[in-house]
Amino acid sequence: MKKIIYLFLLLFIVFSAAVRAQTPPVSTASSNLTPTLSASEEKLIQEFKTNVATQVAQYQQKNNRAIAGFMESYSNNIMKIKNDSGDEYSVKIDDNLTKFYQVTSTDKTEIKLADIKTGQYVFVTGVINGHKIDANEVYEDDYFITESGKITEVNKTDYYVSVLTNDKETITLDIESYTKQQLMDIKTLALSPIGFSKIKSGDTIHFVVKKTGKEREKNRYSALKMIIIPQEFFIK
Amino acid sequence: MKKETAIAIVFGIILGGIVATLLILRNKELQLAKNKAFGSNSSQSAAAPATSQNIQSFTLDAPQDGEIVYTNSVTIKGSANKGSLIVIQSPIKDLIVKNDNEQFSEDFPLSFGENAITITVYPPQAEGKSQEKRLRIYYLKQSL
């Protein structure tokens, strides 16, 4: 008799479980349309949102920069560029998406990929992944160098100055008719135009040159502008 | 001796050992804290003036090298020795300022495209070495 009762109970349990499994959970879903979240769940969601926002900001920050260099080669939709420090980058060009521009004094004009020649200085915007860039825009621009150093020689016959830069490089600056030469007043720090005769060996110089790639000698440039800080300023 | 008594004695010894260890450790911490306090007081008085006089570091907080901006000027922020001379130069602008505070913040104009900017800091001491940071900032117009 006991065996029968146990068997009956077991069958009842199995049967009720099967029925429960077949019942669709409609009633629970419809009766509880607005889920209530516990404080810990809300905190988790908030943390997740903050993490996503941070990731997006970091991604934007990472890609809100440009990579520049001189064009080395172009083949199979890959433009190789190399900067003055020797870093090389592979720029992936998308025939449909990548746009090309030339920087003018205040704006840009659209050009074609074929207009960019080997040796041309360019900067690229897009998705940067290490030394690879999926280019959105490629800009053709001039390459300026701004540096400073000590004047080691003033040649008043050939109108040039030799400068030992902070990187211990010797650069020769040709003084042209268009070179803007300014001297800093050691008391007021104001800048005033000067002539070449005022420049002395031992003075500090800050200069701007444009590197065209067609220079006569390595490290010899025509100076666009220069600021002279007289050596007297540093004698205190 | 009853079994319960023996267990109670063992537990008592263990508990006593734990309390003694904790007390010794706490005492050591207190001693160390006292020594540190004496040491730090004396070094602070000697080191503080030296720090304010000898900071040779020049840090640039903004902008970042290679950054793209969509306005025709940028604020150059950083810190350098008080009284140092700061020279900021680009192809379109030369700026020379004396750093009155340790923090500096200067608005600097940009031309469209790439802007090569060099920031040089000359320390107030004549024998101090100048420090230089070079940036390339890109002023572009936002694509619609």
# chains A, B, ... in the order shown; residues from 1 in each chain; ligands from 1
>>> interface_residues(of="chain B", to="chain A", cutoff="9 Å", atoms="only C-alpha atoms", output="PDB file with C-alpha atoms, in the first residue's frame")
ATOM      1  CA  GLN B  64      48.265  67.693 -27.278  1.00  0.00           C
ATOM      2  CA  ASP B  65      50.666  67.160 -30.149  1.00  0.00           C
ATOM      3  CA  GLY B  66      48.773  66.264 -33.321  1.00  0.00           C
ATOM      4  CA  GLU B  67      45.450  67.529 -31.978  1.00  0.00           C
ATOM      5  CA  ILE B  68      42.733  68.692 -34.363  1.00  0.00           C
ATOM      6  CA  VAL B  69      40.843  71.821 -33.359  1.00  0.00           C
ATOM      7  CA  VAL B  87      58.721  82.092 -25.925  1.00  0.00           C
ATOM      8  CA  GLN B  89      56.543  80.790 -31.835  1.00  0.00           C
ATOM      9  CA  SER B  90      54.691  79.651 -34.937  1.00  0.00           C
ATOM     10  CA  PRO B  91      54.840  80.776 -38.576  1.00  0.00           C
ATOM     11  CA  ASP B  94      55.544  85.244 -31.869  1.00  0.00           C
ATOM     12  CA  ILE B  96      57.127  86.345 -25.365  1.00  0.00           C
ATOM     13  CA  VAL B  97      55.860  86.439 -21.795  1.00  0.00           C
ATOM     14  CA  LYS B  98      57.306  86.347 -18.321  1.00  0.00           C
ATOM     15  CA  SER B 111      46.189  79.372 -39.318  1.00  0.00           C
ATOM     16  CA  PHE B 112      44.130  76.924 -41.343  1.00  0.00           C
ATOM     17  CA  GLY B 113      45.881  73.569 -41.667  1.00  0.00           C
ATOM     18  CA  GLU B 114      48.979  72.510 -39.797  1.00  0.00           C
ATOM     19  CA  ASN B 115      50.487  74.809 -37.172  1.00  0.00           C
ATOM     20  CA  ALA B 116      54.055  74.135 -36.065  1.00  0.00           C
ATOM     21  CA  ILE B 117      54.390  75.664 -32.610  1.00  0.00           C
ATOM     22  CA  THR B 118      57.479  75.686 -30.418  1.00  0.00           C
ATOM     23  CA  THR B 120      60.575  77.388 -25.093  1.00  0.00           C
ATOM     24  CA  PRO B 124      64.980  82.610 -14.152  1.00  0.00           C
ATOM     25  CA  GLN B 125      68.410  81.424 -13.064  1.00  0.00           C
ATOM     26  CA  ALA B 126      71.066  82.383 -15.619  1.00  0.00           C
ATOM     27  CA  GLU B 127      72.752  78.984 -15.362  1.00  0.00           C
ATOM     28  CA  SER B 130      66.152  76.046 -21.422  1.00  0.00           C
ATOM     29  CA  GLN B 131      63.440  73.495 -22.197  1.00  0.00           C
ATOM     30  CA  GLU B 132      61.496  73.184 -25.395  1.00  0.00           C
ATOM     31  CA  ARG B 134      57.231  71.220 -30.172  1.00  0.00           C
ATOM     32  CA  ARG B 136      51.809  70.302 -34.488  1.00  0.00           C
ATOM     33  CA  ILE B 137      48.216  71.434 -34.140  1.00  0.00           C
ATOM     34  CA  TYR B 138      45.679  71.132 -36.936  1.00  0.00           C
ATOM     35  CA  LEU B 140      40.289  72.377 -39.620  1.00  0.00           C
ATOM     36  CA  LYS B 141      36.721  73.245 -40.426  1.00  0.00           C
TER      37      LYS B 141
END
>>> closest_residue(among="B:Leu22, B:Ala6, B:Leu15, B:Leu135", to="Val74 (chain B)", atoms="only C-alpha atoms")
B:Leu135
>>> residues_around(residues="Ala135 (chain A)", least_positions_apart="2", cutoff="9 Å", atoms="only C-alpha atoms", output="mmCIF file with N, CA and C atoms, in the first residue's frame")
data_model
loop_
_atom_site.group_PDB
_atom_site.id
_atom_site.type_symbol
_atom_site.label_atom_id
_atom_site.label_comp_id
_atom_site.auth_asym_id
_atom_site.auth_seq_id
_atom_site.Cartn_x
_atom_site.Cartn_y
_atom_site.Cartn_z
ATOM 1 N N VAL A 91 48.803 54.734 -44.957
ATOM 2 C CA VAL A 91 47.517 55.425 -45.034
ATOM 3 C C VAL A 91 46.636 54.696 -46.049
ATOM 4 N N LYS A 92 45.538 54.142 -45.551
ATOM 5 C CA LYS A 92 44.640 53.394 -46.446
ATOM 6 C C LYS A 92 43.659 54.373 -47.092
ATOM 7 N N ILE A 93 43.667 54.372 -48.399
ATOM 8 C CA ILE A 93 42.795 55.289 -49.147
ATOM 9 C C ILE A 93 41.551 54.521 -49.608
ATOM 10 N N ASP A 94 40.397 55.071 -49.305
ATOM 11 C CA ASP A 94 39.142 54.487 -49.789
ATOM 12 C C ASP A 94 38.701 55.308 -51.004
ATOM 13 N N LEU A 97 35.389 57.099 -50.188
ATOM 14 C CA LEU A 97 35.229 57.933 -48.991
ATOM 15 C C LEU A 97 36.325 58.982 -48.780
ATOM 16 N N THR A 98 37.567 58.626 -49.070
ATOM 17 C CA THR A 98 38.675 59.544 -48.760
ATOM 18 C C THR A 98 38.642 60.779 -49.658
ATOM 19 N N LYS A 99 38.773 61.933 -49.008
ATOM 20 C CA LYS A 99 38.785 63.180 -49.779
ATOM 21 C C LYS A 99 40.164 63.808 -49.702
ATOM 22 N N VAL A 124 47.022 63.700 -42.461
ATOM 23 C CA VAL A 124 45.894 62.803 -42.699
ATOM 24 C C VAL A 124 45.007 62.738 -41.463
ATOM 25 N N THR A 125 43.703 62.796 -41.683
ATOM 26 C CA THR A 125 42.756 62.572 -40.586
ATOM 27 C C THR A 125 42.017 61.271 -40.858
ATOM 28 N N GLY A 126 41.548 60.634 -39.821
ATOM 29 C CA GLY A 126 40.816 59.384 -39.992
ATOM 30 C C GLY A 126 40.943 58.510 -38.770
ATOM 31 N N VAL A 127 40.714 57.235 -38.968
ATOM 32 C CA VAL A 127 40.792 56.294 -37.842
ATOM 33 C C VAL A 127 42.230 55.793 -37.735
ATOM 34 N N ILE A 128 42.861 56.145 -36.618
ATOM 35 C CA ILE A 128 44.280 55.805 -36.431
ATOM 36 C C ILE A 128 44.387 54.550 -35.583
ATOM 37 N N ILE A 133 46.404 54.077 -40.778
ATOM 38 C CA ILE A 133 45.307 55.057 -40.727
ATOM 39 C C ILE A 133 44.329 54.759 -41.859
ATOM 40 N N GLU A 137 40.355 62.136 -44.688
ATOM 41 C CA GLU A 137 40.785 63.290 -45.472
ATOM 42 C C GLU A 137 42.306 63.341 -45.516
ATOM 43 N N VAL A 138 42.825 63.719 -46.671
ATOM 44 C CA VAL A 138 44.272 63.910 -46.826
ATOM 45 C C VAL A 138 44.485 65.350 -47.285
#
>>> atom_distance(atom1="CA of Phe108 (chain B)", atom2="CA of Asp87 (chain A)")
28.0 Å
>>> atom_distance(atom1="CA of Ile228 (chain A)", atom2="CA of Ser177 (chain A)")
17.2 Å
>>> residues_around(residues="Pro123 (chain B)", least_positions_apart="6", cutoff="10 Å", atoms="only C-alpha atoms", output="PyMOL selection string")
(chain A and resi 234) or (chain B and resi 54-58+80-86+99+129-131)
>>> residues_around(residues="Val154 (chain A)", least_positions_apart="6", cutoff="7 Å", atoms="only C-alpha atoms", output="ChimeraX atom specification")
/A:160-162,200-201
